[in-house]
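Presented below is the structure to which this report refers.
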Amino acid sequence: MSSVSFRKLEKNYGALKIVKGIDLEIADREFVVLVGPSGCGKSTTLRMLAGLESISGGEIRIGDRVVNKLPPRERDIAMVFQDYALYPHKTVYENMAFSLKVRGVPASEIKPRIAQAAEMLGIEQLLERKPSQLSGGQRQRVAMGRAIVRRPQVFLFDEPLSNLDAKLRGQVRTEIKRLHQAIGTTIIYVTHDQVEAMTLADRIVILKGGEIEQVGTPDEVYNNPASVFVGGFIGSPAMNFAKGTIRGGQIAFDGGAQLPVTANAAGKATALEGRDVVVGIRPEHFVSSAEGQTLAGRVQVVEPLGSDTLIHFALGQATLTARVAPEMRPQPGETLSIGVDPSRIHLFDAATERALS
Ligand SMILES: Nc1ncnc2c1ncn2[C@@H]1O[C@H](COP(=O)(O)OP(=O)(O)OP(=O)(O)O)[C@@H](O)[C@H]1O
Ligand SMILES: [Mg+2]
């Protein structure tokens with residue numbers, strides 16, 4: 001078990017700056033998820049930690065050892081990749097045993113370690129099969145088993161579920177969480193799926209263009225997104241955004257609608273007078289028009305989901321999505337009158353897109 005720390009970590013490819021000075025302290029036993037859009041530097045960061053990629057600047061520590069120049073096998077890290085990278089001609093057992101043999105673990109210890117990991121992952125029946133005789137989910141479990149038997153200081157997962165169908169993804173996700181609860185090893189997990197990030201993480205690190213945009217617990221990044229980017233990235237369906245200006249204690253939306261901001265934070269409205277803002281409202285924070293401050297807009301599309309209904313409606317130039325009770329079924333073209341819980345309104349500066357607080 002071990003802590004991990006990045007200090008001013010950088011990666012350049014020629015003149016191209018890919019990772020731009022990341023500072024992050026990860027505690028022993030912590031489950032940290034790196035999320036961000038494609039190309040933001042997630043895999044590069046993991047690969048630098050694993051020693052598969054050189055670093056261009058800064059420092060990486062595992063425990064209290066600086067590992068900047070240490071070869072991968074001396075870092076005591078196990079990595080699970082998206083494509084599993086199993087040896088096709090070896091059985092499941094041999095796949096799991098291989099790295100232990102290479103490291104000189106005695107045969108008498110290899111067997112019980114594999115038996116224990118196989119039991120934990122429910123793959124005892126598969127040990128004599130070849131990877132081609134396994135389903136995607138089973139291969140994924142074998143790849144995890146191969147990492148677990150190593151008993152490393154840190155596990156790295158790079159999008160381990162992205163090759164699985166939606167249902168299996170949910171199942172294996174739960175298994176990974178259970179696994180972490182059972183063995184307690186530090187895990188750094190990369191995904192671009194915000195649901196995986198929210199469900200698995202002790203802390204989420206949101207990356208954008210090689211820089212950290214926000215670090216926080218799932219609740220913190222959901223409730224207090226530091227920027228428009230984070231607000232739009234975390235939460236599903238995504239947070240709604242509409243432009244407006246603060247005038248006389250109200251948000252005056254481009255297009256005419258008004259909402260008071262005073263309930264959100266006393267004194268805020270006066271401090272913000274005249275500011276151009278981006279207003280963020282999550283689909284699940286619309287309420288019945290009797291309860292909140294009301295907005296009116298023309299219904300465009302209605303999507304019944306069984307558990308609830310999504311209503312897409314126009315507000316000025318913006319299209320907003322509201323998640324409402326399943327029995328609410330307005331017709332397209334109707335005018336929808338819907339409430340907003342004022343304490344759940346997010347305000348961002350229109351120019352910097354950073355949260356106003
Ligand atoms: N060897 C290389 N030479 C030049 N650029 C590279 C190299 N490897 C990666 N990159 C670039 O670095 C950036 C970050 O890549 P990285 O693989 O870390 O992204 P990612 O966040 O893992 O994205 P994804 O979600 O698509 O896996 C990308 O723009 C990529 O094109
Ligand atoms: Mg990647």
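Just remember, in the structure tokens the first chain shown is A, the second B, etc., residues are 1-based per chain, and ligands are 1-based in the order shown.
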Taking a cut-off of 7 Å and counting only C-alpha atoms and all ligand atoms, can you build a table that, for each residue of chain A near ligand 1, reports the nearest atom pair and how far apart they are in Å (one decimal), sorted by chain then residue number, as a Markdown table?
| residue | atom | partner | partner_atom_place_in_ligand_line | distance |
| --- | --- | --- | --- | --- |
| A:Tyr13 | CA | ligand 1 | 4 (C) | 5.1 |
| A:Ile18 | CA | ligand 1 | 12 (O) | 5.3 |
| A:Gly36 | CA | ligand 1 | 21 (O) | 6.5 |
| A:Pro37 | CA | ligand 1 | 25 (O) | 5.7 |
| A:Ser38 | CA | ligand 1 | 25 (O) | 3.5 |
| A:Gly39 | CA | ligand 1 | 19 (O) | 3.5 |
| A:Cys40 | CA | ligand 1 | 21 (O) | 4.0 |
| A:Gly41 | CA | ligand 1 | 18 (O) | 3.2 |
| A:Lys42 | CA | ligand 1 | 21 (O) | 3.8 |
| A:Ser43 | CA | ligand 1 | 22 (O) | 3.7 |
| A:Thr44 | CA | ligand 1 | 18 (O) | 3.7 |
| A:Thr45 | CA | ligand 1 | 18 (O) | 6.4 |
| A:Thr191 | CA | ligand 1 | 25 (O) | 7.0 |
| A:His192 | CA | ligand 1 | 25 (O) | 6.0 |
| message | Going by DSSP on the backbone, which residues of region 109-315 of chain A come out as alpha helix (DSSP H)? List them as a PyMOL selection string. | response | chain A and resi 109-121+136-148+166-183+194-200+218-223+228-233+268-271
| said: List the spatial neighbours of Ile22 (chain A) as a PyMOL selection string - criterion: any atom at most 8 Å away, only C-alpha atoms, same-chain residues fewer than 2 positions off excluded. | reply: chain A and resi 6-10+19-20+24+210-212
| query | For ligand 2, which of A:Leu70, A:Leu46, A:Val142, A:Val102 is the closest residue, counting only C-alpha atoms and all ligand atoms? | reply |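 Checking each of A:Leu70, A:Leu46, A:Val142, A:Val102 against ligand 2, counting only C-alpha atoms and all ligand atoms, the winner is A:Leu46.
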Just want the 8 Å neighbourhood of Ile338 (chain A), counted on only C-alpha atoms, with same-chain residues fewer than 5 positions away dropped. Output as a PDB file with C-alpha atoms, in the first residue's frame.
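Just written: around.pdb:
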ATOM      1  CA  PHE A 286     -36.501  21.713 -11.704  1.00  0.00           C
ATOM      2  CA  VAL A 287     -39.537  21.463  -9.426  1.00  0.00           C
ATOM      3  CA  SER A 288     -43.261  21.923  -9.845  1.00  0.00           C
ATOM      4  CA  SER A 289     -44.155  25.528 -10.658  1.00  0.00           C
ATOM      5  CA  THR A 294     -41.074  29.837 -12.317  1.00  0.00           C
ATOM      6  CA  LEU A 295     -39.687  29.768 -15.843  1.00  0.00           C
ATOM      7  CA  ALA A 296     -41.838  29.423 -18.949  1.00  0.00           C
TER       8      ALA A 296
END
| said: Applying 9 Å and only C-alpha atoms, which residues near region 224-227 of chain A remain after dropping the ones on its own chain fewer than 6 positions away? List them as a PyMOL selection string. | reply: chain A and resi 213-214+234+346+348-349+352-356
| task | Would you mind reading off the distance between CA of Val80 (chain A) and CA of Val66 (chain A), one decimal, in Å? | result |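 So the two atoms, CA of Val80 (chain A) and CA of Val66 (chain A), lie 22.8 Å apart.
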| said: With only C-alpha atoms as the counted atoms, please give the residues lying no more than 6 Å from region 91-94 of chain A, apart from itself and same-chain residues fewer than 4 positions off, as a ChimeraX atom specification. | reply: /A:98,127-130
Residue subset to file, keeping C-alpha atoms, as a PDB file, in the first residue's frame:
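New file part_36.pdb:
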ATOM      1  CA  PHE A  98       3.346 -15.296 -15.561  1.00  0.00           C
ATOM      2  CA  LEU A 127      -8.507 -21.242 -14.993  1.00  0.00           C
ATOM      3  CA  GLU A 128      -7.782 -23.836 -17.701  1.00  0.00           C
ATOM      4  CA  ARG A 129      -9.371 -21.869 -20.535  1.00  0.00           C
ATOM      5  CA  LYS A 130      -7.623 -19.699 -23.130  1.00  0.00           C
TER       6      LYS A 130
END
| query | Out of A:Glu74, A:Glu30, A:Asp158, A:Glu175, which residue has the shortest atom-to-atom distance to ligand 2 when counting only C-alpha atoms and all ligand atoms? | reply |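 Of A:Glu74, A:Glu30, A:Asp158, A:Glu175, the one nearest ligand 2 is A:Asp158, counting only C-alpha atoms and all ligand atoms.
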Write out as a CSV table (one decimal) with C-alpha atoms, in the first residue's frame each polymer residue whose atoms come within 12 Å of Gln181 (chain A), counting only C-alpha atoms; drop sequence neighbours fewer than 3 positions from it.
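The result, written out as result32.csv:
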chain,number,residue,atom,x,y,z
A,29,ARG,CA,-5.7,3.3,0.1
A,30,GLU,CA,-7.5,6.1,-1.7
A,31,PHE,CA,-9.5,5.5,-4.8
A,120,MET,CA,-12.6,-13.2,-5.2
A,174,THR,CA,-19.6,-2.9,-8.6
A,175,GLU,CA,-17.0,-5.7,-8.5
A,176,ILE,CA,-14.2,-3.2,-8.7
A,177,LYS,CA,-15.7,-1.2,-5.8
A,178,ARG,CA,-16.1,-4.4,-3.8
A,184,GLY,CA,-7.8,-1.5,0.3
A,185,THR,CA,-4.9,-0.9,-2.1
A,186,THR,CA,-4.5,2.6,-3.6
A,187,ILE,CA,-6.2,2.8,-7.0
A,200,LEU,CA,-16.2,4.6,-7.7
A,201,ALA,CA,-14.2,7.5,-6.5
A,202,ASP,CA,-13.2,8.8,-3.1
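Comparing the minimum interatomic distances between ligand 2 and each of A:Pro88, A:Lys17, A:Ser56, A:Ser162, counting only C-alpha atoms and all ligand atoms, we find that A:Ser162 sits nearest.
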| Which of these, A:Gly339, A:Arg275, A:Pro71, A:Gln82, has the shortest distance to Glu291 (chain A) once you count only C-alpha atoms? |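 For Glu291 (chain A), the nearest of the candidates is A:Gly339.
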